[in-house]
file data12.pdb (PDB, C-alpha atoms)
MODEL        1
ATOM      1  CA  MET A  86       9.163 -17.184 -11.106  1.00  0.00           C
ATOM      2  CA  ALA A  87      12.639 -15.938 -10.451  1.00  0.00           C
ATOM      3  CA  GLU A  88      13.088 -12.240  -9.834  1.00  0.00           C
ATOM      4  CA  SER A  89      16.614 -12.108 -11.237  1.00  0.00           C
ATOM      5  CA  ALA A  90      18.975 -14.267 -13.274  1.00  0.00           C
ATOM      6  CA  ASP A  91      20.973 -15.101 -10.134  1.00  0.00           C
ATOM      7  CA  ASP A  92      17.856 -16.656  -8.573  1.00  0.00           C
ATOM      8  CA  LEU A  93      18.078 -19.351 -11.238  1.00  0.00           C
ATOM      9  CA  ASN A  94      21.561 -20.542 -10.240  1.00  0.00           C
ATOM     10  CA  LEU A  95      22.134 -23.688  -8.266  1.00  0.00           C
ATOM     11  CA  PRO A  96      23.663 -23.202  -4.808  1.00  0.00           C
ATOM     12  CA  ASN A  97      27.455 -22.872  -4.855  1.00  0.00           C
ATOM     13  CA  ALA A  98      27.834 -25.513  -2.136  1.00  0.00           C
ATOM     14  CA  VAL A  99      25.968 -28.060  -4.255  1.00  0.00           C
ATOM     15  CA  ILE A 100      28.034 -27.257  -7.335  1.00  0.00           C
ATOM     16  CA  GLY A 101      31.244 -27.453  -5.286  1.00  0.00           C
ATOM     17  CA  ARG A 102      30.272 -30.881  -3.911  1.00  0.00           C
ATOM     18  CA  ILE A 103      29.431 -32.212  -7.380  1.00  0.00           C
ATOM     19  CA  ILE A 104      32.719 -30.932  -8.795  1.00  0.00           C
ATOM     20  CA  LYS A 105      34.698 -32.392  -5.893  1.00  0.00           C
ATOM     21  CA  GLU A 106      33.060 -35.815  -6.290  1.00  0.00           C
ATOM     22  CA  ALA A 107      33.566 -35.827 -10.074  1.00  0.00           C
ATOM     23  CA  LEU A 108      37.274 -34.980 -10.096  1.00  0.00           C
ATOM     24  CA  PRO A 109      40.329 -36.835  -8.789  1.00  0.00           C
ATOM     25  CA  PRO A 110      41.622 -35.815  -5.332  1.00  0.00           C
ATOM     26  CA  ASN A 111      43.871 -32.747  -5.136  1.00  0.00           C
ATOM     27  CA  THR A 112      42.420 -31.264  -8.334  1.00  0.00           C
ATOM     28  CA  ASN A 113      41.986 -27.513  -8.124  1.00  0.00           C
ATOM     29  CA  VAL A 114      39.176 -25.679  -9.892  1.00  0.00           C
ATOM     30  CA  SER A 115      39.302 -21.922 -10.367  1.00  0.00           C
ATOM     31  CA  LYS A 116      36.521 -19.666  -9.175  1.00  0.00           C
ATOM     32  CA  GLU A 117      35.722 -18.778 -12.790  1.00  0.00           C
ATOM     33  CA  SER A 118      35.437 -22.470 -13.703  1.00  0.00           C
ATOM     34  CA  ARG A 119      33.065 -23.082 -10.803  1.00  0.00           C
ATOM     35  CA  LEU A 120      30.934 -20.161 -11.971  1.00  0.00           C
ATOM     36  CA  ALA A 121      30.916 -21.458 -15.559  1.00  0.00           C
ATOM     37  CA  ILE A 122      29.911 -24.949 -14.404  1.00  0.00           C
ATOM     38  CA  SER A 123      27.210 -23.447 -12.201  1.00  0.00           C
ATOM     39  CA  LYS A 124      25.779 -21.401 -15.074  1.00  0.00           C
ATOM     40  CA  ALA A 125      25.910 -24.403 -17.433  1.00  0.00           C
ATOM     41  CA  ALA A 126      24.174 -26.635 -14.875  1.00  0.00           C
ATOM     42  CA  SER A 127      21.478 -24.017 -14.337  1.00  0.00           C
ATOM     43  CA  VAL A 128      20.889 -23.660 -18.074  1.00  0.00           C
ATOM     44  CA  PHE A 129      20.706 -27.450 -18.411  1.00  0.00           C
ATOM     45  CA  VAL A 130      18.150 -27.754 -15.597  1.00  0.00           C
ATOM     46  CA  LEU A 131      16.038 -24.925 -17.029  1.00  0.00           C
ATOM     47  CA  TYR A 132      16.109 -26.362 -20.546  1.00  0.00           C
ATOM     48  CA  CYS A 133      15.322 -29.904 -19.360  1.00  0.00           C
ATOM     49  CA  THR A 134      12.478 -28.584 -17.197  1.00  0.00           C
ATOM     50  CA  SER A 135      11.075 -26.561 -20.079  1.00  0.00           C
ATOM     51  CA  CYS A 136      11.126 -29.589 -22.397  1.00  0.00           C
ATOM     52  CA  ALA A 137       9.580 -31.814 -19.709  1.00  0.00           C
ATOM     53  CA  ASN A 138       6.894 -29.205 -19.071  1.00  0.00           C
ATOM     54  CA  GLN A 139       5.974 -29.285 -22.747  1.00  0.00           C
ATOM     55  CA  PHE A 140       5.487 -33.068 -22.548  1.00  0.00           C
ATOM     56  CA  ALA A 141       3.255 -32.626 -19.486  1.00  0.00           C
ATOM     57  CA  LEU A 142       1.228 -29.907 -21.223  1.00  0.00           C
ATOM     58  CA  ASP A 143       0.820 -32.143 -24.287  1.00  0.00           C
ATOM     59  CA  GLN A 144      -0.736 -34.711 -21.925  1.00  0.00           C
ATOM     60  CA  LYS A 145      -2.943 -31.970 -20.436  1.00  0.00           C
ATOM     61  CA  ARG A 146      -1.195 -32.171 -17.057  1.00  0.00           C
ATOM     62  CA  LYS A 147       0.240 -29.424 -14.890  1.00  0.00           C
ATOM     63  CA  THR A 148       2.438 -31.777 -12.876  1.00  0.00           C
ATOM     64  CA  LEU A 149       5.776 -32.966 -14.241  1.00  0.00           C
ATOM     65  CA  LYS A 150       6.371 -36.696 -13.861  1.00  0.00           C
ATOM     66  CA  ASP A 151       9.499 -38.769 -14.171  1.00  0.00           C
ATOM     67  CA  ILE A 152       8.417 -39.905 -17.644  1.00  0.00           C
ATOM     68  CA  ASP A 153       8.363 -36.256 -18.748  1.00  0.00           C
ATOM     69  CA  ILE A 154      11.987 -35.854 -17.666  1.00  0.00           C
ATOM     70  CA  PHE A 155      12.996 -39.054 -19.473  1.00  0.00           C
ATOM     71  CA  ASN A 156      11.191 -37.890 -22.625  1.00  0.00           C
ATOM     72  CA  ALA A 157      12.845 -34.480 -22.363  1.00  0.00           C
ATOM     73  CA  LEU A 158      16.291 -36.056 -22.096  1.00  0.00           C
ATOM     74  CA  GLU A 159      15.562 -38.148 -25.175  1.00  0.00           C
ATOM     75  CA  GLU A 160      14.372 -35.050 -27.026  1.00  0.00           C
ATOM     76  CA  MET A 161      17.599 -33.295 -25.986  1.00  0.00           C
ATOM     77  CA  GLU A 162      19.487 -36.274 -27.507  1.00  0.00           C
ATOM     78  CA  LEU A 163      20.713 -37.308 -24.056  1.00  0.00           C
ATOM     79  CA  ASP A 164      18.878 -40.629 -24.118  1.00  0.00           C
ATOM     80  CA  SER A 165      22.052 -42.452 -23.016  1.00  0.00           C
ATOM     81  CA  PHE A 166      21.419 -41.016 -19.523  1.00  0.00           C
ATOM     82  CA  VAL A 167      17.877 -42.402 -19.244  1.00  0.00           C
ATOM     83  CA  PRO A 168      18.660 -46.024 -18.217  1.00  0.00           C
ATOM     84  CA  GLU A 169      21.007 -44.920 -15.419  1.00  0.00           C
ATOM     85  CA  LEU A 170      18.503 -42.314 -14.204  1.00  0.00           C
ATOM     86  CA  LYS A 171      15.689 -44.889 -14.219  1.00  0.00           C
ATOM     87  CA  SER A 172      17.874 -47.229 -12.181  1.00  0.00           C
ATOM     88  CA  ALA A 173      18.762 -44.474  -9.703  1.00  0.00           C
ATOM     89  CA  LEU A 174      15.082 -43.502  -9.391  1.00  0.00           C
ATOM     90  CA  GLU A 175      14.102 -47.118  -8.700  1.00  0.00           C
ATOM     91  CA  LYS A 176      16.806 -47.418  -6.005  1.00  0.00           C
ATOM     92  CA  PHE A 177      15.573 -44.163  -4.455  1.00  0.00           C
ATOM     93  CA  LYS A 178      11.974 -45.418  -4.390  1.00  0.00           C
ATOM     94  CA  VAL A 179      13.032 -48.727  -2.790  1.00  0.00           C
ATOM     95  CA  ALA A 180      15.120 -46.942  -0.136  1.00  0.00           C
ATOM     96  CA  LYS A 181      12.271 -44.519   0.583  1.00  0.00           C
ATOM     97  CA  ASN A 182       9.805 -47.394   0.925  1.00  0.00           C
ATOM     98  CA  GLU A 183      12.162 -49.309   3.251  1.00  0.00           C
ATOM     99  CA  LYS A 184      12.637 -46.225   5.414  1.00  0.00           C
ATOM    100  CA  LYS A 185       8.860 -45.758   5.612  1.00  0.00           C
ATOM    101  CA  LYS A 186       8.360 -49.414   6.597  1.00  0.00           C
ATOM    102  CA  ALA A 187      11.082 -49.166   9.264  1.00  0.00           C
ATOM    103  CA  LYS A 188       9.456 -46.055  10.707  1.00  0.00           C
ATOM    104  CA  GLU A 189       6.045 -47.747  10.740  1.00  0.00           C
ATOM    105  CA  ALA A 190       7.542 -50.821  12.436  1.00  0.00           C
ATOM    106  CA  ALA A 191       9.224 -48.632  15.067  1.00  0.00           C
ATOM    107  CA  ASN A 192       5.947 -46.780  15.702  1.00  0.00           C
ATOM    108  CA  GLN A 193       4.089 -50.097  15.922  1.00  0.00           C
ATOM    109  CA  SER A 194       6.665 -51.441  18.391  1.00  0.00           C
ATOM    110  CA  GLU A 195       6.384 -48.296  20.508  1.00  0.00           C
ATOM    111  CA  THR A 196       2.584 -48.533  20.482  1.00  0.00           C
ATOM    112  CA  VAL A 197       2.704 -52.187  21.589  1.00  0.00           C
ATOM    113  CA  HIS A 198       5.145 -51.300  24.391  1.00  0.00           C
ATOM    114  CA  VAL A 199       2.937 -48.457  25.651  1.00  0.00           C
ATOM    115  CA  GLU A 200      -0.173 -50.641  25.473  1.00  0.00           C
ATOM    116  CA  ALA A 201       1.605 -53.404  27.431  1.00  0.00           C
ATOM    117  CA  MET A 202       2.711 -50.860  30.040  1.00  0.00           C
ATOM    118  CA  ASP A 203      -0.859 -49.530  30.345  1.00  0.00           C
ATOM    119  CA  GLU A 204      -2.137 -53.081  30.796  1.00  0.00           C
ATOM    120  CA  SER A 205       0.485 -53.779  33.486  1.00  0.00           C
ATOM    121  CA  ILE A 206      -0.488 -50.610  35.362  1.00  0.00           C
ATOM    122  CA  LYS A 207      -4.176 -51.457  35.088  1.00  0.00           C
ATOM    123  CA  ASN A 208      -3.545 -54.975  36.438  1.00  0.00           C
ATOM    124  CA  GLY A 209      -1.492 -53.587  39.333  1.00  0.00           C
ATOM    125  CA  GLU A 210       1.694 -55.269  38.088  1.00  0.00           C
ATOM    126  CA  VAL A 211       3.509 -51.928  37.979  1.00  0.00           C
ATOM    127  CA  GLU A 212       3.281 -49.283  40.661  1.00  0.00           C
ATOM    128  CA  VAL A 213       2.996 -45.699  39.436  1.00  0.00           C
ATOM    129  CA  VAL A 214       5.016 -43.367  41.646  1.00  0.00           C
ATOM    130  CA  ASN A 215       4.339 -39.656  41.654  1.00  0.00           C
ATOM    131  CA  GLY A 216       7.567 -37.654  41.434  1.00  0.00           C
ATOM    132  CA  ASP A 217       6.270 -34.985  43.861  1.00  0.00           C
ATOM    133  CA  HIS A 218       7.686 -35.315  47.403  1.00  0.00           C
TER     134      HIS A 218
ENDMDL
END
call {"tool": "encode", "arguments": {"input": "data12.pdb", "output": "structure tokens"}}
result
Amino acid sequence: MAESADDLNLPNAVIGRIIKEALPPNTNVSKESRLAISKAASVFVLYCTSCANQFALDQKRKTLKDIDIFNALEEMELDSFVPELKSALEKFKVAKNEKKKAKEAANQSETVHVEAMDESIKNGEVEVVNGDH
């Protein structure tokens, strides 16, 4: 748990980036406005998490799942966000899976290359030279 109320705030850099991306270029936001947005975002996250946790507890689980978040948003009467969030989650999962497959393919390619090199050395096709002179 958080030791103080400030521990519950989102990082200022994250809030600043979100604000910058949401507003038109050359829009200035006062320090007080950034603080207010930060506090509101923190309260939203805490409330959503609390609602989602209740759904998980009702299902006798300790782990929050995406469905708990979607249910919490609907309970908070923010169900209009759910379809877009589901779409974003699906895109994230696809990208993550593609990245994993690419990494596995690269590792497989490296393994094949090393095995071919070992075979060439064993067959005397490649001469191993010691770097010591």
call {"tool": "atom_distance", "arguments": {"input": "data12.pdb", "atom1": "atom CA of Ala157 of chain A", "atom2": "atom CA of Lys145 of chain A"}}
result
16.1 Å
call {"tool": "resolve_selection", "arguments": {"input": "data12.pdb", "expression": "the PyMOL selection byres ((chain A and resi 129-142) around 10)", "output": "list in words"}}
result
Leu93, Asn94, Leu95, Ser123, Lys124, Ala125, Ala126, Ser127, Val128, Asp143, Gln144, Lys145, Arg146, Lys147, Thr148, Leu149, Lys150, Asp151, Ile152, Asp153, Ile154, Phe155, Asn156, Ala157, Leu158, Glu160 and Met161 of chain A
call {"tool": "atom_distance", "arguments": {"input": "data12.pdb", "atom1": "atom CA of Ser115 of chain A", "atom2": "atom CA of Arg102 of chain A"}}
result
14.3 Å
call {"tool": "atom_distance", "arguments": {"input": "data12.pdb", "atom1": "atom CA of Ile104 of chain A", "atom2": "atom CA of Leu163 of chain A"}}
result
20.4 Å
call {"tool": "closest_residue", "arguments": {"input": "data12.pdb", "among": "A:Ile100, A:Ser165, A:Lys171, A:Asn208", "to": "Ser118 of chain A", "atoms": "all atoms listed in the file"}}
result
A:Ile100
call {"tool": "residues_near_point", "arguments": {"input": "data12.pdb", "point": "(31.1, -26.4, -8.8)", "cutoff": "9 Å", "atoms": "only C-alpha atoms", "output": "list of chain:residue names"}}
result
A:Asn97, A:Ala98, A:Val99, A:Ile100, A:Gly101, A:Arg102, A:Ile103, A:Ile104, A:Lys105, A:Val114, A:Lys116, A:Ser118, A:Arg119, A:Leu120, A:Ala121, A:Ile122, A:Ser123
call {"tool": "write_last_selection", "arguments": {"input": "data12.pdb", "atoms": "C-alpha atoms", "output": "mmCIF file, in the coordinates of the input"}}
result
data_model
loop_
_atom_site.group_PDB
_atom_site.id
_atom_site.type_symbol
_atom_site.label_atom_id
_atom_site.label_comp_id
_atom_site.auth_asym_id
_atom_site.auth_seq_id
_atom_site.Cartn_x
_atom_site.Cartn_y
_atom_site.Cartn_z
ATOM 1 C CA ASN A 97 27.455 -22.872 -4.855
ATOM 2 C CA ALA A 98 27.834 -25.513 -2.136
ATOM 3 C CA VAL A 99 25.968 -28.060 -4.255
ATOM 4 C CA ILE A 100 28.034 -27.257 -7.335
ATOM 5 C CA GLY A 101 31.244 -27.453 -5.286
ATOM 6 C CA ARG A 102 30.272 -30.881 -3.911
ATOM 7 C CA ILE A 103 29.431 -32.212 -7.380
ATOM 8 C CA ILE A 104 32.719 -30.932 -8.795
ATOM 9 C CA LYS A 105 34.698 -32.392 -5.893
ATOM 10 C CA VAL A 114 39.176 -25.679 -9.892
ATOM 11 C CA LYS A 116 36.521 -19.666 -9.175
ATOM 12 C CA SER A 118 35.437 -22.470 -13.703
ATOM 13 C CA ARG A 119 33.065 -23.082 -10.803
ATOM 14 C CA LEU A 120 30.934 -20.161 -11.971
ATOM 15 C CA ALA A 121 30.916 -21.458 -15.559
ATOM 16 C CA ILE A 122 29.911 -24.949 -14.404
ATOM 17 C CA SER A 123 27.210 -23.447 -12.201
#
call {"tool": "axis_aligned_box", "arguments": {"input": "data12.pdb", "around": "segment 102-106 of chain A", "padding_each_side": "6 Å", "output": "JSON"}}
result
{"center_x": 32.1, "center_y": -33.3, "center_z": -6.4, "size_x": 17.3, "size_y": 16.9, "size_z": 16.9}
